[in-house]
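Shown next, in structure tokens, is the structure this report addresses.
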Amino acid sequence: MGVSILLEPTYNRRMSHSDKTVVVVGAGVAGLACAGKLRSLLPDAKLILLEKSDHAGGILQTHRESKYLVELAADMFTTEPNDALMLCRSLGHETDLLTTTPVKQRAYVATKDSIEPVPAGFSLMLPANQEAVRATKILDNEGITRLLSEVNVPPATELHDEDFQSFVVRRFGQQAFERLVQPLVSGIYTADPRKLSMRATMQRFIDMEREHGSLIAASLAAKASSADRAASGARYDLFRTPRDGMGSLVNWLVDAADTADLRFNWPVERIELRPNNRWVIHSSQSNDEPVDADAVIVATPVSSASQMLSSVSRSLSDQLSAIKSASCAVVSLAFDVNQLRRPFDGYGIVVPAFLKRKLIAASFSSNKFPGRAPENKVLIRCFVGGAMQGELVDLSDRQLVELALAELNQLIGIDGVPELDFVCCWKNAMPQYHVGHLDRVEAIETELDSFPTLAVAGNAYRGVGIPVCIRSGITAAAEIAESLLNN
Ligand SMILES: Cc1cc2nc3c(=O)[nH]c(=O)nc-3n(C[C@H](O)[C@H](O)[C@H](O)COP(=O)(O)OP(=O)(O)OC[C@H]3O[C@@H](n4cnc5c(N)ncnc54)[C@H](O)[C@@H]3O)c2cc1C
């Protein structure tokens, strides 16, 4: 039986029974998706989910306070790739998903002394609407001319994994990189642009360059629809979120894992492979009995995965530990609409690194999705830290609130203090896909070939977004089910 037919992001394909014990370590979205898929593929298997913290969902958490709905990390998933959407559909929850609230101008970028709308049709680095680029105030005339001359820049001849900064400067010039593309992309990856791998994160732009000679030629060839030509920043029309927040997605996945034995406060310290090919999973807490299993899926952050697998394979553990992660803080602030000195109807503002401010981006939750704030109130999530300013995450909550407030005040003008503040720090939660990342992931996969009943899943490998995390869990479940069914 081929693994491919097991890979669909749905849980309704029951295939065969098994009396095996399978352990999933880590109950983030990847681990939960994996457990749900295992439950449907191996309905009679004993399924145990070991989670270090006291809750499911990992970094996906929704906080409710005074009629505000505050997302502590992710606030949406995209429908491309469609793994998250398909999963919600298969679980009967597609109608519980919201799309973004329509607004006139979606994304803004900070300039030295103002904020300016991202040119219509400019999506990450794809200028679908050249007239809008000509009219932007983000770049000067020289910068605009250089950006639009991208169509004449010959495609790269070498096929090496290029870093993001080099790719964008080569194609669009330094100014477009610094003032426009870097902040748009950093809002997603919070990465060092000199290290971020184009191949691992934005392969579609490499493909456009190769196939069409330039990104502008590719966008012309695509004959972008009028809707695409108006969209700017990210592809907001692809965004979905559960009506009651990302915590609902976690609950749906926990329900789908059905009878899985979900053990909280169970920090896995070490995984061991016995000579009889059975796995033993040890907790760092002496009162937890070791768990014996036929197969293990490790769906924790990559640094934990590296540590717990060190006695299984030193080389596998080393490859995992070479994937570094960055930290960031999400500072949520709420205001009365009258506290904003001028109305702001966009989804957010991204801040270029060259301005040396202390904010990566501000996301206006209450403009993006309905039900995030009471009437006439504004909820803003400020992102601080990332690979370039990781030290800021060590500030106290009070300092982070003051910092975010000062930065917002500079960008849009705010009177008084927020009526709600909520700080969440995510230490080493954002894997960095540095140049060479995909080679490293392939090396990890090759190492894993020696252990057919061991798999890894999560955001460190083939994508950080929720759909790809879900896919990684489902893929791991399919591989393990295949392996157990064949033995
Ligand atoms: C601030 C922020 C905003 C984001 N926004 C978006 C967004 O809007 N849309 C989007 O698609 N993506 C977004 N992402 C990315 C996405 O949310 C994550 O990549 C994804 O949720 C990670 O899921 P995961 O299951 O791989 O890992 P995690 O959520 O980190 O889950 C791993 C689990 O493993 C557990 N664990 C760790 N060590 C052990 C151990 N030793 N033993 C047992 N359990 C252990 C942890 O407690 C945790 O529950 C965002 C990320 C961040 C940080």
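Labels for the structure tokens follow display order: chains A, B, ..., residues from 1 in each chain, ligands from 1.
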Step one, run DSSP on the backbone; step two, keep only residues of segment 24-132 of chain A assigned to strand (DSSP E); then write them as a ChimeraX atom specification.
-> /A:24-25,46-50,62-65,68-71,77-78,97-98,107-110,115-117,122-123,126-127
Store the residues of this selection in a file with N, CA and C atoms, as a PDB file, in the first residue's frame.
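selection33.pdb written:
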ATOM      1  N   VAL A  24       2.883   9.803  20.402  1.00  0.00           N
ATOM      2  CA  VAL A  24       3.175  11.100  19.771  1.00  0.00           C
ATOM      3  C   VAL A  24       3.687  12.000  20.883  1.00  0.00           C
ATOM      4  N   VAL A  25       4.854  12.603  20.693  1.00  0.00           N
ATOM      5  CA  VAL A  25       5.415  13.508  21.699  1.00  0.00           C
ATOM      6  C   VAL A  25       5.173  14.945  21.239  1.00  0.00           C
ATOM      7  N   LYS A  46      -3.144   1.488  20.404  1.00  0.00           N
ATOM      8  CA  LYS A  46      -3.129   2.285  21.637  1.00  0.00           C
ATOM      9  C   LYS A  46      -2.340   3.550  21.302  1.00  0.00           C
ATOM     10  N   LEU A  47      -2.997   4.679  21.451  1.00  0.00           N
ATOM     11  CA  LEU A  47      -2.395   5.946  21.033  1.00  0.00           C
ATOM     12  C   LEU A  47      -2.178   6.822  22.254  1.00  0.00           C
ATOM     13  N   ILE A  48      -0.919   7.184  22.495  1.00  0.00           N
ATOM     14  CA  ILE A  48      -0.600   8.000  23.683  1.00  0.00           C
ATOM     15  C   ILE A  48       0.056   9.303  23.213  1.00  0.00           C
ATOM     16  N   LEU A  49      -0.439  10.416  23.750  1.00  0.00           N
ATOM     17  CA  LEU A  49       0.091  11.735  23.404  1.00  0.00           C
ATOM     18  C   LEU A  49       0.749  12.298  24.660  1.00  0.00           C
ATOM     19  N   LEU A  50       2.051  12.543  24.597  1.00  0.00           N
ATOM     20  CA  LEU A  50       2.777  13.040  25.773  1.00  0.00           C
ATOM     21  C   LEU A  50       3.099  14.514  25.584  1.00  0.00           C
ATOM     22  N   THR A  62      -5.833  30.886  22.487  1.00  0.00           N
ATOM     23  CA  THR A  62      -6.724  32.047  22.408  1.00  0.00           C
ATOM     24  C   THR A  62      -7.087  32.477  23.824  1.00  0.00           C
ATOM     25  N   HIS A  63      -6.940  33.767  24.084  1.00  0.00           N
ATOM     26  CA  HIS A  63      -7.240  34.304  25.416  1.00  0.00           C
ATOM     27  C   HIS A  63      -8.455  35.226  25.294  1.00  0.00           C
ATOM     28  N   ARG A  64      -9.411  35.059  26.212  1.00  0.00           N
ATOM     29  CA  ARG A  64     -10.592  35.939  26.208  1.00  0.00           C
ATOM     30  C   ARG A  64     -10.579  36.799  27.451  1.00  0.00           C
ATOM     31  N   GLU A  65     -10.777  38.090  27.253  1.00  0.00           N
ATOM     32  CA  GLU A  65     -10.797  38.997  28.398  1.00  0.00           C
ATOM     33  C   GLU A  65     -11.639  40.215  28.027  1.00  0.00           C
ATOM     34  N   TYR A  68     -12.774  40.869  24.603  1.00  0.00           N
ATOM     35  CA  TYR A  68     -11.747  40.818  23.562  1.00  0.00           C
ATOM     36  C   TYR A  68     -11.371  39.357  23.312  1.00  0.00           C
ATOM     37  N   LEU A  69     -11.034  39.053  22.093  1.00  0.00           N
ATOM     38  CA  LEU A  69     -10.512  37.732  21.756  1.00  0.00           C
ATOM     39  C   LEU A  69      -9.066  37.947  21.291  1.00  0.00           C
ATOM     40  N   VAL A  70      -8.139  37.509  22.122  1.00  0.00           N
ATOM     41  CA  VAL A  70      -6.722  37.783  21.863  1.00  0.00           C
ATOM     42  C   VAL A  70      -6.032  36.482  21.472  1.00  0.00           C
ATOM     43  N   GLU A  71      -5.447  36.469  20.287  1.00  0.00           N
ATOM     44  CA  GLU A  71      -4.663  35.301  19.867  1.00  0.00           C
ATOM     45  C   GLU A  71      -3.239  35.494  20.384  1.00  0.00           C
ATOM     46  N   PHE A  77      -4.966  30.814   9.404  1.00  0.00           N
ATOM     47  CA  PHE A  77      -4.181  29.963   8.499  1.00  0.00           C
ATOM     48  C   PHE A  77      -4.590  30.322   7.086  1.00  0.00           C
ATOM     49  N   THR A  78      -3.734  29.966   6.124  1.00  0.00           N
ATOM     50  CA  THR A  78      -4.080  30.270   4.738  1.00  0.00           C
ATOM     51  C   THR A  78      -4.680  29.032   4.074  1.00  0.00           C
ATOM     52  N   LEU A  97     -15.511  28.820  10.023  1.00  0.00           N
ATOM     53  CA  LEU A  97     -14.332  29.624   9.680  1.00  0.00           C
ATOM     54  C   LEU A  97     -14.739  30.995   9.154  1.00  0.00           C
ATOM     55  N   LEU A  98     -13.983  32.006   9.541  1.00  0.00           N
ATOM     56  CA  LEU A  98     -14.226  33.377   9.063  1.00  0.00           C
ATOM     57  C   LEU A  98     -13.217  33.741   7.988  1.00  0.00           C
ATOM     58  N   ALA A 107      -2.557  46.706   3.737  1.00  0.00           N
ATOM     59  CA  ALA A 107      -1.273  46.690   4.443  1.00  0.00           C
ATOM     60  C   ALA A 107      -0.538  48.013   4.253  1.00  0.00           C
ATOM     61  N   TYR A 108       0.118  48.425   5.326  1.00  0.00           N
ATOM     62  CA  TYR A 108       0.916  49.654   5.287  1.00  0.00           C
ATOM     63  C   TYR A 108       2.355  49.312   5.651  1.00  0.00           C
ATOM     64  N   VAL A 109       3.253  50.168   5.202  1.00  0.00           N
ATOM     65  CA  VAL A 109       4.643  50.007   5.589  1.00  0.00           C
ATOM     66  C   VAL A 109       5.111  51.318   6.223  1.00  0.00           C
ATOM     67  N   ALA A 110       5.902  51.183   7.291  1.00  0.00           N
ATOM     68  CA  ALA A 110       6.402  52.391   7.957  1.00  0.00           C
ATOM     69  C   ALA A 110       7.516  53.007   7.113  1.00  0.00           C
ATOM     70  N   ILE A 115       3.432  56.451   7.653  1.00  0.00           N
ATOM     71  CA  ILE A 115       3.137  55.110   7.146  1.00  0.00           C
ATOM     72  C   ILE A 115       2.512  55.289   5.762  1.00  0.00           C
ATOM     73  N   GLU A 116       2.828  54.379   4.867  1.00  0.00           N
ATOM     74  CA  GLU A 116       2.322  54.474   3.497  1.00  0.00           C
ATOM     75  C   GLU A 116       1.710  53.145   3.095  1.00  0.00           C
ATOM     76  N   PRO A 117       0.638  53.168   2.310  1.00  0.00           N
ATOM     77  CA  PRO A 117       0.064  51.900   1.862  1.00  0.00           C
ATOM     78  C   PRO A 117       1.015  51.142   0.945  1.00  0.00           C
ATOM     79  N   PHE A 122       0.929  44.619  -4.927  1.00  0.00           N
ATOM     80  CA  PHE A 122       2.295  44.213  -4.559  1.00  0.00           C
ATOM     81  C   PHE A 122       2.215  43.144  -3.480  1.00  0.00           C
ATOM     82  N   SER A 123       2.465  41.898  -3.874  1.00  0.00           N
ATOM     83  CA  SER A 123       2.295  40.782  -2.938  1.00  0.00           C
ATOM     84  C   SER A 123       3.668  40.192  -2.616  1.00  0.00           C
ATOM     85  N   LEU A 126       6.006  40.554  -5.512  1.00  0.00           N
ATOM     86  CA  LEU A 126       5.469  40.418  -6.864  1.00  0.00           C
ATOM     87  C   LEU A 126       4.674  41.675  -7.233  1.00  0.00           C
ATOM     88  N   PRO A 127       5.242  42.510  -8.131  1.00  0.00           N
ATOM     89  CA  PRO A 127       4.534  43.745  -8.468  1.00  0.00           C
ATOM     90  C   PRO A 127       3.539  43.513  -9.604  1.00  0.00           C
TER      91      PRO A 127
END
Near-ligand residues for ligand 1, threshold 7 Å, only C-alpha atoms and all ligand atoms, as a ChimeraX atom specification = /A:25-31,50-53,56-60,72-78,266-269,299-301,304,328-330,426,429-430,457-460,464-467,469
For N, CA and C atoms, I'd like the residues from the last selection saved as a short mmCIF file (atom, residue, chain, number, x, y, z; two decimals), in the first residue's frame.
data_model
loop_
_atom_site.label_atom_id
_atom_site.label_comp_id
_atom_site.auth_asym_id
_atom_site.auth_seq_id
_atom_site.Cartn_x
_atom_site.Cartn_y
_atom_site.Cartn_z
N VAL A 25 4.85 12.60 20.69
CA VAL A 25 5.42 13.51 21.70
C VAL A 25 5.17 14.94 21.24
N GLY A 26 4.43 15.70 22.04
CA GLY A 26 4.14 17.10 21.70
C GLY A 26 2.74 17.23 21.14
N ALA A 27 1.91 18.04 21.82
CA ALA A 27 0.51 18.20 21.40
C ALA A 27 0.26 19.58 20.81
N GLY A 28 1.21 20.08 20.00
CA GLY A 28 0.96 21.27 19.20
C GLY A 28 0.08 20.86 18.02
N VAL A 29 -0.11 21.79 17.08
CA VAL A 29 -1.00 21.48 15.95
C VAL A 29 -0.48 20.30 15.14
N ALA A 30 0.85 20.17 15.02
CA ALA A 30 1.42 19.05 14.25
C ALA A 30 1.16 17.73 14.96
N GLY A 31 1.43 17.69 16.26
CA GLY A 31 1.23 16.46 17.03
C GLY A 31 -0.24 16.05 17.07
N LEU A 50 2.05 12.54 24.60
CA LEU A 50 2.78 13.04 25.77
C LEU A 50 3.10 14.51 25.58
N GLU A 51 2.63 15.36 26.47
CA GLU A 51 2.76 16.81 26.31
C GLU A 51 3.38 17.42 27.58
N LYS A 52 4.41 18.22 27.33
CA LYS A 52 5.14 18.83 28.46
C LYS A 52 4.29 19.82 29.27
N SER A 53 3.48 20.60 28.57
CA SER A 53 2.74 21.68 29.25
C SER A 53 1.41 21.15 29.79
N ALA A 56 -3.23 21.58 25.40
CA ALA A 56 -2.99 21.14 24.01
C ALA A 56 -2.89 22.38 23.11
N GLY A 57 -2.29 22.18 21.92
CA GLY A 57 -2.26 23.26 20.93
C GLY A 57 -0.90 23.92 20.80
N GLY A 58 0.03 23.65 21.74
CA GLY A 58 1.33 24.30 21.67
C GLY A 58 1.18 25.80 21.70
N ILE A 59 1.76 26.48 20.71
CA ILE A 59 1.71 27.94 20.73
C ILE A 59 0.35 28.47 20.27
N LEU A 60 -0.53 27.61 19.76
CA LEU A 60 -1.87 28.09 19.35
C LEU A 60 -2.75 28.22 20.59
N LEU A 72 -2.70 34.44 21.02
CA LEU A 72 -1.38 34.60 21.61
C LEU A 72 -0.25 34.37 20.61
N ALA A 73 -0.54 33.64 19.54
CA ALA A 73 0.49 33.46 18.49
C ALA A 73 -0.20 33.61 17.13
N ALA A 74 -0.40 32.50 16.41
CA ALA A 74 -1.04 32.59 15.09
C ALA A 74 -2.48 33.08 15.26
N ASP A 75 -2.94 33.88 14.27
CA ASP A 75 -4.35 34.32 14.32
C ASP A 75 -5.12 33.85 13.09
N MET A 76 -4.48 33.08 12.22
CA MET A 76 -5.18 32.60 11.02
C MET A 76 -4.36 31.51 10.36
N PHE A 77 -4.97 30.81 9.40
CA PHE A 77 -4.18 29.96 8.50
C PHE A 77 -4.59 30.32 7.09
N THR A 78 -3.73 29.97 6.12
CA THR A 78 -4.08 30.27 4.74
C THR A 78 -4.68 29.03 4.07
N TRP A 266 3.86 16.08 31.02
CA TRP A 266 4.67 14.87 30.82
C TRP A 266 5.85 15.25 29.90
N PRO A 267 6.91 15.83 30.47
CA PRO A 267 8.05 16.30 29.65
C PRO A 267 8.98 15.15 29.26
N VAL A 268 9.01 14.82 28.01
CA VAL A 268 9.89 13.74 27.55
C VAL A 268 11.33 14.22 27.61
N GLU A 269 12.15 13.41 28.26
CA GLU A 269 13.56 13.77 28.38
C GLU A 269 14.42 12.97 27.41
N ALA A 299 6.92 15.42 17.77
CA ALA A 299 6.34 16.64 17.18
C ALA A 299 6.56 17.83 18.12
N THR A 300 7.74 17.91 18.66
CA THR A 300 8.09 19.01 19.56
C THR A 300 8.92 20.04 18.78
N PRO A 301 9.19 21.20 19.40
CA PRO A 301 10.17 22.10 18.78
C PRO A 301 11.48 21.36 18.54
N SER A 304 14.12 20.48 21.33
CA SER A 304 13.71 19.38 22.22
C SER A 304 13.86 18.04 21.51
N CYS A 328 10.26 35.62 19.81
CA CYS A 328 9.56 36.89 19.60
C CYS A 328 8.52 37.07 20.69
N ALA A 329 8.08 38.32 20.84
CA ALA A 329 7.02 38.61 21.81
C ALA A 329 5.84 39.19 21.05
N VAL A 330 4.64 38.79 21.48
CA VAL A 330 3.43 39.38 20.92
C VAL A 330 2.79 40.22 22.03
N TRP A 426 7.47 34.16 23.14
CA TRP A 426 7.70 32.84 22.54
C TRP A 426 9.19 32.66 22.35
N ALA A 429 10.64 29.80 19.39
CA ALA A 429 9.45 29.17 18.81
C ALA A 429 9.42 29.28 17.29
N MET A 430 10.37 30.03 16.72
CA MET A 430 10.30 30.27 15.29
C MET A 430 11.54 29.72 14.60
N ALA A 457 7.79 15.55 13.22
CA ALA A 457 6.80 16.45 12.60
C ALA A 457 6.91 17.81 13.27
N GLY A 458 6.34 18.82 12.61
CA GLY A 458 6.33 20.15 13.23
C GLY A 458 6.84 21.22 12.29
N ASN A 459 7.07 22.40 12.87
CA ASN A 459 7.32 23.58 12.05
C ASN A 459 8.78 23.77 11.65
N ALA A 460 9.65 22.83 12.01
CA ALA A 460 11.08 23.06 11.75
C ALA A 460 11.54 22.52 10.41
N VAL A 464 6.66 26.67 8.11
CA VAL A 464 6.30 27.09 9.47
C VAL A 464 4.80 27.34 9.61
N GLY A 465 4.09 27.51 8.50
CA GLY A 465 2.66 27.84 8.56
C GLY A 465 1.84 26.65 9.04
N ILE A 466 0.67 26.95 9.59
CA ILE A 466 -0.18 25.91 10.16
C ILE A 466 -0.53 24.82 9.13
N PRO A 467 -0.89 25.16 7.88
CA PRO A 467 -1.22 24.08 6.94
C PRO A 467 -0.08 23.08 6.76
N CYS A 469 2.39 22.53 8.90
CA CYS A 469 2.56 21.79 10.17
C CYS A 469 1.56 20.63 10.23
#
Selected residue, from A:Asp294, A:Glu445, A:Asp288, A:Asp255, that lies nearest to Ala481 of chain A when counting only C-alpha atoms =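 Under the stated criterion, the closest residue is A:Asp294.
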Choose the residue, out of A:Arg274, A:Leu249, A:Arg179, A:Arg199, that has the smallest atom-to-atom separation from Asp439 of chain A; count only C-alpha atoms.
->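 Under the stated criterion, the closest residue is A:Arg199.
Among the candidates A:Tyr461, A:Trp279, A:Phe264, A:Phe369, the one nearest to His55 of chain A when counting only C-alpha atoms is A:Phe264.
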Mind checking which residues fall within 12 Å of segment 139-151 of chain A, counting only C-alpha atoms, ignoring those fewer than 4 positions away in the same chain, and posting them as a PyMOL selection string?
-> chain A and resi 109-112+116-119+122+125-135+155+167-181+208-209+212-220
Report the residues of segment 254-406 of chain A whose backbone DSSP state falls under alpha helix (DSSP H), written as number ranges by chain.
-> A: 254-256, 302-308, 314-321, 365-368, 397-406
Go ahead and save the picked residues with N, CA and C atoms, as a tab-separated table (two decimals), in the first residue's frame.
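Output below, filename result.tsv:
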chain	number	residue	atom	x	y	z
A	254	VAL	N	-8.27	17.94	19.05
A	254	VAL	CA	-8.27	17.07	20.24
A	254	VAL	C	-9.45	16.10	20.15
A	255	ASP	N	-10.60	16.62	19.76
A	255	ASP	CA	-11.79	15.75	19.62
A	255	ASP	C	-11.54	14.66	18.58
A	256	ALA	N	-10.86	15.05	17.47
A	256	ALA	CA	-10.63	14.08	16.40
A	256	ALA	C	-9.66	12.99	16.82
A	302	VAL	N	12.22	21.79	17.54
A	302	VAL	CA	13.35	20.99	17.04
A	302	VAL	C	14.46	20.84	18.08
A	303	SER	N	14.66	21.84	18.95
A	303	SER	CA	15.73	21.71	19.95
A	303	SER	C	15.40	20.58	20.93
A	304	SER	N	14.12	20.48	21.33
A	304	SER	CA	13.71	19.38	22.22
A	304	SER	C	13.86	18.04	21.51
A	305	ALA	N	13.46	18.02	20.22
A	305	ALA	CA	13.57	16.77	19.45
A	305	ALA	C	15.03	16.31	19.42
A	306	SER	N	15.93	17.26	19.20
A	306	SER	CA	17.35	16.92	19.15
A	306	SER	C	17.81	16.30	20.46
A	307	GLN	N	17.42	16.93	21.57
A	307	GLN	CA	17.85	16.43	22.88
A	307	GLN	C	17.32	15.03	23.15
A	308	MET	N	16.01	14.84	22.92
A	308	MET	CA	15.43	13.55	23.33
A	308	MET	C	15.88	12.39	22.43
A	314	ARG	N	23.30	9.95	17.32
A	314	ARG	CA	24.03	11.21	17.54
A	314	ARG	C	23.97	12.07	16.28
A	315	SER	N	24.10	11.44	15.10
A	315	SER	CA	24.13	12.25	13.87
A	315	SER	C	22.75	12.86	13.59
A	316	LEU	N	21.69	12.10	13.87
A	316	LEU	CA	20.34	12.67	13.70
A	316	LEU	C	20.16	13.85	14.65
A	317	SER	N	20.56	13.66	15.89
A	317	SER	CA	20.43	14.71	16.90
A	317	SER	C	21.24	15.96	16.48
A	318	ASP	N	22.43	15.74	15.93
A	318	ASP	CA	23.25	16.89	15.50
A	318	ASP	C	22.59	17.65	14.35
A	319	GLN	N	22.04	16.89	13.40
A	319	GLN	CA	21.36	17.55	12.27
A	319	GLN	C	20.18	18.39	12.78
A	320	LEU	N	19.44	17.82	13.74
A	320	LEU	CA	18.29	18.56	14.28
A	320	LEU	C	18.74	19.81	15.02
A	321	SER	N	19.82	19.68	15.79
A	321	SER	CA	20.24	20.84	16.60
A	321	SER	C	20.83	21.95	15.74
A	365	SER	N	-6.03	43.31	14.79
A	365	SER	CA	-6.93	42.14	14.87
A	365	SER	C	-8.38	42.54	14.65
A	366	SER	N	-8.77	43.67	15.24
A	366	SER	CA	-10.18	44.05	15.18
A	366	SER	C	-10.58	44.51	13.77
A	367	ASN	N	-9.60	44.88	12.94
A	367	ASN	CA	-9.92	45.21	11.54
A	367	ASN	C	-9.91	43.97	10.66
A	368	LYS	N	-9.14	42.97	11.08
A	368	LYS	CA	-8.92	41.79	10.24
A	368	LYS	C	-10.11	40.83	10.28
A	397	ASP	N	7.41	42.27	31.04
A	397	ASP	CA	6.12	42.52	30.37
A	397	ASP	C	5.83	44.03	30.35
A	398	ARG	N	6.08	44.69	31.47
A	398	ARG	CA	5.79	46.13	31.56
A	398	ARG	C	6.62	46.90	30.52
A	399	GLN	N	7.90	46.54	30.43
A	399	GLN	CA	8.77	47.22	29.45
A	399	GLN	C	8.30	46.96	28.02
A	400	LEU	N	7.84	45.73	27.78
A	400	LEU	CA	7.38	45.40	26.42
A	400	LEU	C	6.12	46.18	26.07
A	401	VAL	N	5.22	46.34	27.05
A	401	VAL	CA	4.00	47.12	26.79
A	401	VAL	C	4.39	48.57	26.49
A	402	GLU	N	5.30	49.12	27.30
A	402	GLU	CA	5.71	50.52	27.08
A	402	GLU	C	6.39	50.69	25.71
A	403	LEU	N	7.22	49.73	25.39
A	403	LEU	CA	7.92	49.78	24.10
A	403	LEU	C	6.92	49.74	22.94
A	404	ALA	N	5.97	48.80	23.02
A	404	ALA	CA	4.99	48.66	21.92
A	404	ALA	C	4.12	49.90	21.82
A	405	LEU	N	3.74	50.45	22.97
A	405	LEU	CA	2.90	51.65	22.97
A	405	LEU	C	3.65	52.83	22.34
A	406	ALA	N	4.92	52.98	22.71
A	406	ALA	CA	5.71	54.09	22.17
A	406	ALA	C	5.86	53.93	20.65
Shortest interatomic distance to Ala326 of chain A - which of A:Arg204, A:Arg440, A:Lys427, A:Arg357, counting only C-alpha atoms =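 Of A:Arg204, A:Arg440, A:Lys427, A:Arg357, the one nearest Ala326 of chain A, counting only C-alpha atoms, is A:Lys427.
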Could you check which of A:Asp83, A:Arg39, A:Leu262, A:Val312 is closest to Arg278 of chain A, using only C-alpha atoms?
->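 Smallest distance to Arg278 of chain A is found for A:Val312.
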Give me the residues within 12 Å of segment 384-396 of chain A as a PDB file with C-alpha atoms, in the first residue's frame, counting only C-alpha atoms and dropping any in the same chain fewer than 3 places off.
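And here is the file that came out, result-v1.pdb:
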ATOM      1  CA  SER A 186      10.010  39.668   7.874  1.00  0.00           C
ATOM      2  CA  GLY A 187       6.445  40.043   9.101  1.00  0.00           C
ATOM      3  CA  ILE A 188       6.169  36.318   8.330  1.00  0.00           C
ATOM      4  CA  TYR A 189       9.583  34.802   9.035  1.00  0.00           C
ATOM      5  CA  THR A 190      11.102  37.328  11.525  1.00  0.00           C
ATOM      6  CA  ALA A 191      14.392  36.162  10.011  1.00  0.00           C
ATOM      7  CA  ASP A 192      17.811  37.588   9.234  1.00  0.00           C
ATOM      8  CA  PRO A 193      17.405  38.360   5.497  1.00  0.00           C
ATOM      9  CA  ARG A 194      21.077  37.546   4.817  1.00  0.00           C
ATOM     10  CA  LYS A 195      20.498  34.007   6.074  1.00  0.00           C
ATOM     11  CA  LEU A 196      16.917  33.177   5.041  1.00  0.00           C
ATOM     12  CA  LYS A 324      18.229  27.284  15.010  1.00  0.00           C
ATOM     13  CA  SER A 325      15.131  29.073  16.261  1.00  0.00           C
ATOM     14  CA  ALA A 326      14.348  32.702  17.006  1.00  0.00           C
ATOM     15  CA  SER A 327      12.223  34.225  19.754  1.00  0.00           C
ATOM     16  CA  CYS A 328       9.562  36.888  19.601  1.00  0.00           C
ATOM     17  CA  ALA A 329       7.023  38.612  21.807  1.00  0.00           C
ATOM     18  CA  VAL A 330       3.425  39.379  20.921  1.00  0.00           C
ATOM     19  CA  VAL A 331       2.180  42.441  22.787  1.00  0.00           C
ATOM     20  CA  SER A 332      -1.578  42.864  22.455  1.00  0.00           C
ATOM     21  CA  VAL A 350       5.109  46.331   8.770  1.00  0.00           C
ATOM     22  CA  VAL A 351       8.295  48.088   9.859  1.00  0.00           C
ATOM     23  CA  PRO A 352      11.514  47.971   7.788  1.00  0.00           C
ATOM     24  CA  ALA A 353      14.603  46.835   9.725  1.00  0.00           C
ATOM     25  CA  PHE A 354      16.745  49.657   8.306  1.00  0.00           C
ATOM     26  CA  LYS A 356      16.081  50.551  13.450  1.00  0.00           C
ATOM     27  CA  ARG A 357      12.765  50.680  15.278  1.00  0.00           C
ATOM     28  CA  LYS A 358      11.820  48.107  17.886  1.00  0.00           C
ATOM     29  CA  LEU A 359       8.700  46.785  16.215  1.00  0.00           C
ATOM     30  CA  ILE A 360       8.588  44.168  13.458  1.00  0.00           C
ATOM     31  CA  ALA A 361       4.898  44.635  12.684  1.00  0.00           C
ATOM     32  CA  ALA A 362       1.544  45.639  14.143  1.00  0.00           C
ATOM     33  CA  SER A 363      -1.515  43.587  13.248  1.00  0.00           C
ATOM     34  CA  ARG A 381      -1.031  42.878  18.211  1.00  0.00           C
ATOM     35  CA  GLN A 399       8.772  47.223  29.451  1.00  0.00           C
ATOM     36  CA  LEU A 400       7.380  45.401  26.417  1.00  0.00           C
ATOM     37  CA  VAL A 401       4.005  47.120  26.788  1.00  0.00           C
ATOM     38  CA  GLU A 402       5.712  50.519  27.080  1.00  0.00           C
ATOM     39  CA  LEU A 403       7.921  49.779  24.103  1.00  0.00           C
ATOM     40  CA  ALA A 404       4.990  48.655  21.923  1.00  0.00           C
ATOM     41  CA  LEU A 405       2.900  51.647  22.969  1.00  0.00           C
ATOM     42  CA  GLU A 407       6.278  52.466  18.769  1.00  0.00           C
ATOM     43  CA  LEU A 408       2.555  52.512  17.917  1.00  0.00           C
ATOM     44  CA  VAL A 423       2.096  39.994  26.617  1.00  0.00           C
ATOM     45  CA  CYS A 424       3.161  36.602  25.375  1.00  0.00           C
ATOM     46  CA  CYS A 425       6.819  35.694  24.833  1.00  0.00           C
ATOM     47  CA  TRP A 426       7.702  32.842  22.541  1.00  0.00           C
ATOM     48  CA  LYS A 427      11.239  31.690  23.237  1.00  0.00           C
ATOM     49  CA  ASN A 428      12.850  29.777  20.372  1.00  0.00           C
ATOM     50  CA  ALA A 429       9.446  29.174  18.809  1.00  0.00           C
ATOM     51  CA  MET A 430      10.303  30.273  15.291  1.00  0.00           C
ATOM     52  CA  PRO A 431      12.614  27.902  13.393  1.00  0.00           C
ATOM     53  CA  GLN A 432      14.957  29.730  11.052  1.00  0.00           C
ATOM     54  CA  TYR A 433      15.141  28.333   7.538  1.00  0.00           C
ATOM     55  CA  HIS A 434      18.705  29.329   6.755  1.00  0.00           C
TER      56      HIS A 434
END
Between A:Leu184, A:Leu273, A:Ala373, A:Ile474, which is the closest to Pro452 of chain A once you count only C-alpha atoms?
->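 Looking only at the distances to Pro452 of chain A, the closest residue turns out to be A:Leu273.
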Between atom CA of Thr475 of chain A and atom CA of Thr21 of chain A, measure the distance and give it in Å to one decimal.
->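 Value for the atom CA of Thr475 of chain A-atom CA of Thr21 of chain A distance: 18.2 Å.
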Find the residues near Trp252 of chain A: any atom within 12 Å, counting only C-alpha atoms, skip ones fewer than 2 places away on the same chain, and give them as a ChimeraX atom specification.
-> /A:11,29,32-33,36,56-57,84,87-94,96,242,244-250,254-258
Atom CA of Asn487 of chain A and atom CA of Ser311 of chain A are how many Å apart?
->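 Value for the atom CA of Asn487 of chain A-atom CA of Ser311 of chain A distance: 24.3 Å.
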